[in-house]
Structure formats: structure tokens, C-alpha cells
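Just below is one structure, and these are the notes that go with it.
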Amino acid sequence: MTFLERIVGYFRENVEKAKGYEPGFQPGQADDVVKLNTNENPYPPSPNILKALSEITAEQLRRYPDPQGNAFRQAAAEINGVQPDNIICCNGGDELLSMAIRAFCDESRPVAYPVPTYSLYPILANIQNCKAIETPFDGEFNLPAKLATTDAALTIVCNPNAPSGTFINVDELASLADELKGVLLIDEAYVDFAEANCTSLVKDFDNVIILRSMSKGYSLAGSRFGYAIAQPDLIAGLMKVKDSYNVDAIAITLATAAIKDQQYFKENVEKVKADRKKLIEQLRALDFEVADSSANFVLAKTKNGKAGEIYDKLVQRGIYVRYFNRPGIDDKLRITVGTKEQNNKLLSALKEILAGEIAFPSTSLRAKGSFRSQ
Ligand SMILES: Cc1ncc(COP(=O)(O)O)c(C=O)c1O
């Protein structure tokens, strides 16, 4: 028996067949590229973070970390106007999604979500062997009425949604939480760039979980830290599902320093929002159709529908945005808001491309990046 023959069958069938997680294209640190493809914050984190990092002791590394990350829970509770037992720390928001699907779903307990949205949801559902009920958004990304009647054990609404950047009002999500029999997880990974958030729903509904990420507004994608806000019973249930030490000592220290520096955070977010406004105006001036965005990225529809070709030409110039070869969004590019300099490089490249000044590359470069929506 060959090694391959032997290895087939060791995995559960759905894992065997799964395509698995495809991370977005991450160039090396030294690569001179304009990276606007994975919705990182273009600005560095608070200077307090590097100071906190320099003060990490050998003793902190020798010992296991606080299994619940209580220093962070305390700080995050104060900032969100809740109690520490309303908070659970996680190794990035992605881990919370994984924990929630493991905690609430199985073969007879589906997950539901509107599409198009974050493409990690179906991957996690597949691994858990639970059915994923996908209800399509309309053209304006309004909440589909059907979502309230799916009988799913877990309903996920990404708000602001990725890749559209659109925002669903808090009142609408309150009505959805009220109607659902199962849990409503509101994925607020991008909410730092929006004008409102759903934290207030946690007080009124025992079935609401809010996901937060430190990767976007707090510029900490490299550290991997996120958290959830929910009523204590839901938090206690999620605690049973998490890894014993799911957040490490360094990440707890950095995330706590980051969330405590609200002044830096607010200034950082305001810079991105101002850059976003300018980027949208300039893309519209280039004849892209761009909806208003509540996130740190924009979705730009090309007039000629040739988003894939434009993507290829940008890659040729070392500029990475995101192209999704999926129905409904294959005529659009998702562009992370970068620094002014990065945005300007993108805009001048687009101007040249649209004027037909760059030769089309002979082979498609699309394969170099992945298309997972982040
Ligand atoms: C919609 C959405 N939710 C959650 C996450 C998870 O973020 P992280 O694991 O970096 O906290 C991402 C990451 O890009 C995302 O796009």
C-alpha cells in the first residue's frame, strides 16, 4: 500500500474532501508591494504596544498564561460598558467563529448566514459537518427576511459585511435576534470603522454574541487577538469549547495595552475613515461604482465588468487588491483602504490601466493571490 492510499481514510470524509482554508496572499516583509488585499490597518499600532512588548519578562514566558485573559477582559469590559463575565478572549476573531460553530452546530443543527459574506463560514461549517443555509442578500445588501425563519442553531450576520462594507441597522438586528430561536452571532470584525455597533443588544437578548477583532481598528493582525461580548451564560458555554490556553501571554499583554489606548485608537480609525472617503471619491471619479463603506475597505464595481483583468494588471505592478471569481461579485474589486501613498499608487495604476497603457500579461497572475474574503 502506498503512503497516499494509507493516508486516505484517516480523515473524516468531509475533511478529506474539503478544500481547506486559503490564507490571503502575504508577501514577505522585504517585498516592495502595495498590499491592499487583506484588510489590515495601514497604520502601526499604538506605541504603548511596543513598550509593553519590551517589558515582557522571562517569567511570563516560562509560565502558562492566564487561561481567561482577565487583564484584557477587565479593560475590554470597561470600554464596552459591560462586565468582565460578558467577555471571552480568543485567538483572533476567527477562533471565535470556530468555537461558536463547534458549540452550537452539528449534523442536525445548521448554521445560517446571508451571502455573499466572509467565506470562512462555510469552511468551518463543513469541518463541523453541519448544514450551511445560505440566504442571498439583495442588490443593496439588505438583510434577507428569510434569515429569520431558517430554524438554524446559529445565525451569523457579518456587520459591516465583507466584502460589501455595508451596514445593517442595529434595530433590524434587534428584530432578528428577537425572532430567532437560535443564537445570533454578529461578526463585528470591521465595526471600529462604522458609526454604530450592536453592543447594546447584549443587555436585551440572551441569544446574541458580538464578535470583535483587534486586527483591524487596533492594527494588531500579527498578534492574533479577538474577543466576544455576550450574556454570562453564553460566555460560560463558549469557555467550555475553547482551548485551555487559547490566548498567549504576549498577545494578552499587547491587546490589553492596545485597547487601553483609546485616544490612539480613535485617531487611527479617523485617519482610515478620512482616507476611505477620499479613496471612494477618487474611484468614483475613475468611473467605478462604489457604495459607501462602513469598513476599512471598499467594493468597487468596474463599468466594463472586467474586474479580473484589472486585478491581473495591478498584480503585474505589485499592487494587490482582492478579486472574487464568484457570482454577483465577479465584476468588482475589494480594496483595503491604505495609506495616502498606497492609495495614490493604486489610483495612478488604475488610471493607466483604464487608459489601456499597460500591456495585458500573457498568463493570468490571479492564482498568485487567494480569493478568500477576509
Ligand atoms: C468578516 C471577518 N470576520 C472575522 C475575521 C477574523 O479576524 P481576526 O481573526 O484577524 O480577528 C475577519 C478577518 O479578516 C473577517 O474578515
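Simple scheme: letters A, B, ... for chains in C-alpha cells order, numbers from 1 for residues in each chain, numbers from 1 for ligands in the order shown.
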
Listing only residues of chain A within 9 Å of ligand 1, what is the closest atom pair and its distance in Å (to one decimal) for each, using only C-alpha atoms and all ligand atoms, sorted by chain and residue number ascending, as JSON lines?
```
{"residue": "A:Thr38", "atom": "CA", "partner": "ligand 1", "partner_atom_place_in_ligand_line": "14 (O)", "distance": 6.6}
{"residue": "A:Asn39", "atom": "CA", "partner": "ligand 1", "partner_atom_place_in_ligand_line": "14 (O)", "distance": 6.6}
{"residue": "A:Glu40", "atom": "CA", "partner": "ligand 1", "partner_atom_place_in_ligand_line": "14 (O)", "distance": 8.0}
{"residue": "A:Cys90", "atom": "CA", "partner": "ligand 1", "partner_atom_place_in_ligand_line": "11 (O)", "distance": 8.4}
{"residue": "A:Asn91", "atom": "CA", "partner": "ligand 1", "partner_atom_place_in_ligand_line": "9 (O)", "distance": 7.0}
{"residue": "A:Gly92", "atom": "CA", "partner": "ligand 1", "partner_atom_place_in_ligand_line": "9 (O)", "distance": 3.5}
{"residue": "A:Gly93", "atom": "CA", "partner": "ligand 1", "partner_atom_place_in_ligand_line": "11 (O)", "distance": 3.5}
{"residue": "A:Asp94", "atom": "CA", "partner": "ligand 1", "partner_atom_place_in_ligand_line": "9 (O)", "distance": 3.9}
{"residue": "A:Glu95", "atom": "CA", "partner": "ligand 1", "partner_atom_place_in_ligand_line": "9 (O)", "distance": 6.5}
{"residue": "A:Leu96", "atom": "CA", "partner": "ligand 1", "partner_atom_place_in_ligand_line": "9 (O)", "distance": 8.1}
{"residue": "A:Leu97", "atom": "CA", "partner": "ligand 1", "partner_atom_place_in_ligand_line": "4 (C)", "distance": 7.5}
{"residue": "A:Thr117", "atom": "CA", "partner": "ligand 1", "partner_atom_place_in_ligand_line": "1 (C)", "distance": 7.3}
{"residue": "A:Tyr118", "atom": "CA", "partner": "ligand 1", "partner_atom_place_in_ligand_line": "1 (C)", "distance": 5.0}
{"residue": "A:Ser119", "atom": "CA", "partner": "ligand 1", "partner_atom_place_in_ligand_line": "1 (C)", "distance": 8.3}
{"residue": "A:Leu120", "atom": "CA", "partner": "ligand 1", "partner_atom_place_in_ligand_line": "2 (C)", "distance": 8.1}
{"residue": "A:Cys158", "atom": "CA", "partner": "ligand 1", "partner_atom_place_in_ligand_line": "1 (C)", "distance": 5.8}
{"residue": "A:Asn159", "atom": "CA", "partner": "ligand 1", "partner_atom_place_in_ligand_line": "1 (C)", "distance": 7.8}
{"residue": "A:Pro160", "atom": "CA", "partner": "ligand 1", "partner_atom_place_in_ligand_line": "1 (C)", "distance": 7.9}
{"residue": "A:Asn161", "atom": "CA", "partner": "ligand 1", "partner_atom_place_in_ligand_line": "1 (C)", "distance": 6.6}
{"residue": "A:Ala162", "atom": "CA", "partner": "ligand 1", "partner_atom_place_in_ligand_line": "1 (C)", "distance": 5.4}
{"residue": "A:Pro163", "atom": "CA", "partner": "ligand 1", "partner_atom_place_in_ligand_line": "1 (C)", "distance": 8.0}
{"residue": "A:Asp187", "atom": "CA", "partner": "ligand 1", "partner_atom_place_in_ligand_line": "3 (N)", "distance": 5.7}
{"residue": "A:Glu188", "atom": "CA", "partner": "ligand 1", "partner_atom_place_in_ligand_line": "3 (N)", "distance": 6.9}
{"residue": "A:Ala189", "atom": "CA", "partner": "ligand 1", "partner_atom_place_in_ligand_line": "3 (N)", "distance": 4.9}
{"residue": "A:Tyr190", "atom": "CA", "partner": "ligand 1", "partner_atom_place_in_ligand_line": "1 (C)", "distance": 7.1}
{"residue": "A:Leu211", "atom": "CA", "partner": "ligand 1", "partner_atom_place_in_ligand_line": "4 (C)", "distance": 7.6}
{"residue": "A:Arg212", "atom": "CA", "partner": "ligand 1", "partner_atom_place_in_ligand_line": "11 (O)", "distance": 7.0}
{"residue": "A:Ser213", "atom": "CA", "partner": "ligand 1", "partner_atom_place_in_ligand_line": "11 (O)", "distance": 4.0}
{"residue": "A:Met214", "atom": "CA", "partner": "ligand 1", "partner_atom_place_in_ligand_line": "11 (O)", "distance": 5.8}
{"residue": "A:Ser215", "atom": "CA", "partner": "ligand 1", "partner_atom_place_in_ligand_line": "10 (O)", "distance": 4.8}
{"residue": "A:Lys216", "atom": "CA", "partner": "ligand 1", "partner_atom_place_in_ligand_line": "10 (O)", "distance": 7.4}
{"residue": "A:Leu220", "atom": "CA", "partner": "ligand 1", "partner_atom_place_in_ligand_line": "10 (O)", "distance": 8.2}
{"residue": "A:Ala221", "atom": "CA", "partner": "ligand 1", "partner_atom_place_in_ligand_line": "10 (O)", "distance": 5.4}
{"residue": "A:Gly222", "atom": "CA", "partner": "ligand 1", "partner_atom_place_in_ligand_line": "10 (O)", "distance": 8.2}
{"residue": "A:Ser223", "atom": "CA", "partner": "ligand 1", "partner_atom_place_in_ligand_line": "10 (O)", "distance": 8.7}
{"residue": "A:Arg224", "atom": "CA", "partner": "ligand 1", "partner_atom_place_in_ligand_line": "10 (O)", "distance": 6.0}
{"residue": "A:Phe225", "atom": "CA", "partner": "ligand 1", "partner_atom_place_in_ligand_line": "11 (O)", "distance": 5.8}
{"residue": "A:Gly226", "atom": "CA", "partner": "ligand 1", "partner_atom_place_in_ligand_line": "11 (O)", "distance": 5.0}
{"residue": "A:Tyr227", "atom": "CA", "partner": "ligand 1", "partner_atom_place_in_ligand_line": "11 (O)", "distance": 8.2}
{"residue": "A:Ser373", "atom": "CA", "partner": "ligand 1", "partner_atom_place_in_ligand_line": "16 (O)", "distance": 6.5}
{"residue": "A:Gln374", "atom": "CA", "partner": "ligand 1", "partner_atom_place_in_ligand_line": "16 (O)", "distance": 3.5}
```

Next, the residues of the selection above should be written as a CSV table (one decimal), in the first residue's frame with C-alpha atoms.
```
chain,number,residue,atom,x,y,z
A,38,THR,CA,-6.4,41.5,3.4
A,39,ASN,CA,-7.9,44.5,5.2
A,40,GLU,CA,-5.1,45.1,7.6
A,90,CYS,CA,-10.0,34.4,21.6
A,91,ASN,CA,-7.0,33.8,19.3
A,92,GLY,CA,-8.3,36.2,16.6
A,93,GLY,CA,-12.0,36.6,15.7
A,94,ASP,CA,-11.6,33.5,13.5
A,95,GLU,CA,-11.2,31.3,16.6
A,96,LEU,CA,-14.5,32.7,18.0
A,97,LEU,CA,-16.2,31.7,14.8
A,117,THR,CA,-20.1,37.3,3.0
A,118,TYR,CA,-17.0,36.1,4.8
A,119,SER,CA,-16.0,32.9,3.1
A,120,LEU,CA,-14.6,31.3,6.2
A,158,CYS,CA,-21.3,40.0,9.3
A,159,ASN,CA,-21.8,43.7,10.1
A,160,PRO,CA,-20.3,45.6,8.4
A,161,ASN,CA,-20.4,42.9,5.9
A,162,ALA,CA,-17.4,41.6,4.0
A,163,PRO,CA,-16.8,42.1,1.1
A,187,ASP,CA,-19.5,39.5,13.3
A,188,GLU,CA,-18.3,43.0,14.1
A,189,ALA,CA,-14.6,42.5,12.9
A,190,TYR,CA,-14.9,45.8,11.0
A,211,LEU,CA,-17.5,39.2,17.7
A,212,ARG,CA,-14.7,41.8,17.9
A,213,SER,CA,-11.2,41.7,16.3
A,214,MET,CA,-8.1,43.5,17.4
A,215,SER,CA,-6.7,43.0,13.9
A,216,LYS,CA,-8.4,45.9,12.1
A,220,LEU,CA,-2.8,44.1,15.6
A,221,ALA,CA,-3.4,41.4,12.9
A,222,GLY,CA,0.0,39.9,13.5
A,223,SER,CA,-0.6,39.3,17.2
A,224,ARG,CA,-3.9,37.3,16.8
A,225,PHE,CA,-6.4,38.5,19.3
A,226,GLY,CA,-10.2,38.9,19.3
A,227,TYR,CA,-13.0,38.8,21.8
A,373,SER,CA,-12.9,37.0,1.6
A,374,GLN,CA,-11.3,38.5,4.7
```

Report the residues of stretch 6-210 of chain A whose backbone DSSP state falls under alpha helix (DSSP H), written as a ChimeraX atom specification. /A:6-7,13-17,47-54,58-62,70-80,93-104,120-128,170-179,201-204

Taking only C-alpha atoms into account, name the residue in A:Arg322, A:Lys17, A:Arg62, A:Lys260 that is nearest to A:Ala76.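 Ranking A:Arg322, A:Lys17, A:Arg62, A:Lys260 by distance to A:Ala76, first place goes to A:Lys260.
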
Mind checking which residues fall within 9 Å of A:Asp192, counting only C-alpha atoms, ignoring those fewer than 4 positions away in the same chain, and posting them as a ChimeraX atom specification? /A:188,196-197,212,216-218,266,269,294-296

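In terms of minimum interatomic distance to A:Leu154, A:Ala112 ranks closest within A:Cys130, A:Ala112, A:Val191, A:Ile252, counting only C-alpha atoms.
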
Looking only at strand (DSSP E or B) from DSSP on the backbone, list the matching residues of stretch 28-214 of chain A as a PyMOL selection string. chain A and resi 34-35+87-90+106+109+111-115+132-136+154-158+183-187+208-213

Shell around A:Ala177 at 9 Å using only C-alpha atoms, local window under 3 positions removed, as number ranges by chain: A: 148, 172-174, 180-184, 201, 205, 207-208

Okay, now the selection with all heavy atoms, as an mmCIF file, in the first residue's frame?
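The file below, out-v9.cif, is the result:
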```
data_model
loop_
_atom_site.group_PDB
_atom_site.id
_atom_site.type_symbol
_atom_site.label_atom_id
_atom_site.label_comp_id
_atom_site.auth_asym_id
_atom_site.auth_seq_id
_atom_site.Cartn_x
_atom_site.Cartn_y
_atom_site.Cartn_z
ATOM 1 N N ALA A 148 -34.705 34.983 9.170
ATOM 2 C CA ALA A 148 -35.357 34.843 10.479
ATOM 3 C C ALA A 148 -36.104 33.516 10.610
ATOM 4 O O ALA A 148 -36.508 33.145 11.701
ATOM 5 C CB ALA A 148 -36.325 36.001 10.682
ATOM 6 N N GLU A 172 -32.705 46.621 13.145
ATOM 7 C CA GLU A 172 -33.036 45.443 12.323
ATOM 8 C C GLU A 172 -32.443 44.178 12.926
ATOM 9 O O GLU A 172 -33.066 43.116 12.917
ATOM 10 C CB GLU A 172 -32.452 45.613 10.916
ATOM 11 C CG GLU A 172 -33.370 46.331 9.964
ATOM 12 C CD GLU A 172 -32.738 46.339 8.579
ATOM 13 O OE1 GLU A 172 -32.785 45.316 7.899
ATOM 14 O OE2 GLU A 172 -32.178 47.396 8.237
ATOM 15 N N LEU A 173 -31.231 44.308 13.463
ATOM 16 C CA LEU A 173 -30.596 43.131 14.063
ATOM 17 C C LEU A 173 -31.257 42.786 15.393
ATOM 18 O O LEU A 173 -31.331 41.615 15.776
ATOM 19 C CB LEU A 173 -29.094 43.354 14.209
ATOM 20 C CG LEU A 173 -28.387 43.321 12.852
ATOM 21 C CD1 LEU A 173 -26.961 43.819 12.937
ATOM 22 C CD2 LEU A 173 -28.404 41.908 12.266
ATOM 23 N N ALA A 174 -31.792 43.807 16.081
ATOM 24 C CA ALA A 174 -32.544 43.541 17.319
ATOM 25 C C ALA A 174 -33.796 42.730 16.979
ATOM 26 O O ALA A 174 -34.120 41.751 17.665
ATOM 27 C CB ALA A 174 -32.914 44.851 18.000
ATOM 28 N N LEU A 180 -35.357 35.010 16.159
ATOM 29 C CA LEU A 180 -34.627 33.734 16.030
ATOM 30 C C LEU A 180 -34.812 32.852 17.256
ATOM 31 O O LEU A 180 -34.850 33.345 18.387
ATOM 32 C CB LEU A 180 -33.129 34.006 15.858
ATOM 33 C CG LEU A 180 -32.687 34.580 14.515
ATOM 34 C CD1 LEU A 180 -31.193 34.912 14.553
ATOM 35 C CD2 LEU A 180 -32.962 33.586 13.382
ATOM 36 N N LYS A 181 -34.878 31.538 16.992
ATOM 37 C CA LYS A 181 -34.926 30.597 18.128
ATOM 38 C C LYS A 181 -33.505 30.287 18.588
ATOM 39 O O LYS A 181 -33.270 29.961 19.743
ATOM 40 C CB LYS A 181 -35.596 29.298 17.677
ATOM 41 C CG LYS A 181 -37.092 29.463 17.454
ATOM 42 C CD LYS A 181 -37.755 28.083 17.359
ATOM 43 C CE LYS A 181 -39.099 28.185 16.691
ATOM 44 N NZ LYS A 181 -39.080 27.822 15.256
ATOM 45 N N GLY A 182 -32.562 30.359 17.660
ATOM 46 C CA GLY A 182 -31.173 30.022 17.995
ATOM 47 C C GLY A 182 -30.355 31.259 18.327
ATOM 48 O O GLY A 182 -30.895 32.333 18.619
ATOM 49 N N VAL A 183 -29.053 31.088 18.256
ATOM 50 C CA VAL A 183 -28.118 32.162 18.617
ATOM 51 C C VAL A 183 -27.849 33.057 17.403
ATOM 52 O O VAL A 183 -27.762 32.573 16.272
ATOM 53 C CB VAL A 183 -26.793 31.531 19.117
ATOM 54 C CG1 VAL A 183 -25.677 32.550 19.214
ATOM 55 C CG2 VAL A 183 -27.015 30.856 20.467
ATOM 56 N N LEU A 184 -27.733 34.347 17.633
ATOM 57 C CA LEU A 184 -27.349 35.300 16.583
ATOM 58 C C LEU A 184 -25.940 35.798 16.889
ATOM 59 O O LEU A 184 -25.715 36.459 17.915
ATOM 60 C CB LEU A 184 -28.317 36.482 16.541
ATOM 61 C CG LEU A 184 -27.919 37.627 15.596
ATOM 62 C CD1 LEU A 184 -27.854 37.165 14.134
ATOM 63 C CD2 LEU A 184 -28.891 38.804 15.722
ATOM 64 N N LEU A 201 -27.304 45.298 22.260
ATOM 65 C CA LEU A 201 -28.211 44.147 22.136
ATOM 66 C C LEU A 201 -27.915 43.061 23.171
ATOM 67 O O LEU A 201 -28.782 42.263 23.515
ATOM 68 C CB LEU A 201 -28.130 43.533 20.729
ATOM 69 C CG LEU A 201 -28.469 44.432 19.544
ATOM 70 C CD1 LEU A 201 -28.650 43.606 18.285
ATOM 71 C CD2 LEU A 201 -29.726 45.241 19.812
ATOM 72 N N PHE A 205 -30.822 40.743 24.881
ATOM 73 C CA PHE A 205 -31.049 39.418 24.282
ATOM 74 C C PHE A 205 -30.043 38.396 24.820
ATOM 75 O O PHE A 205 -28.834 38.634 24.754
ATOM 76 C CB PHE A 205 -30.929 39.492 22.754
ATOM 77 C CG PHE A 205 -31.978 40.384 22.138
ATOM 78 C CD1 PHE A 205 -31.679 41.687 21.776
ATOM 79 C CD2 PHE A 205 -33.274 39.924 21.949
ATOM 80 C CE1 PHE A 205 -32.639 42.532 21.234
ATOM 81 C CE2 PHE A 205 -34.244 40.750 21.400
ATOM 82 C CZ PHE A 205 -33.934 42.056 21.040
ATOM 83 N N ASN A 207 -29.501 35.633 23.433
ATOM 84 C CA ASN A 207 -29.030 34.791 22.317
ATOM 85 C C ASN A 207 -28.080 35.540 21.374
ATOM 86 O O ASN A 207 -27.830 35.071 20.275
ATOM 87 C CB ASN A 207 -30.224 34.248 21.515
ATOM 88 C CG ASN A 207 -31.044 35.350 20.841
ATOM 89 O OD1 ASN A 207 -30.982 36.497 21.258
ATOM 90 N ND2 ASN A 207 -31.794 35.007 19.814
ATOM 91 N N VAL A 208 -27.562 36.697 21.830
ATOM 92 C CA VAL A 208 -26.688 37.491 20.932
ATOM 93 C C VAL A 208 -25.221 37.382 21.366
ATOM 94 O O VAL A 208 -24.904 37.525 22.549
ATOM 95 C CB VAL A 208 -27.140 38.971 20.915
ATOM 96 C CG1 VAL A 208 -26.082 39.856 20.265
ATOM 97 C CG2 VAL A 208 -28.455 39.114 20.156
#
```
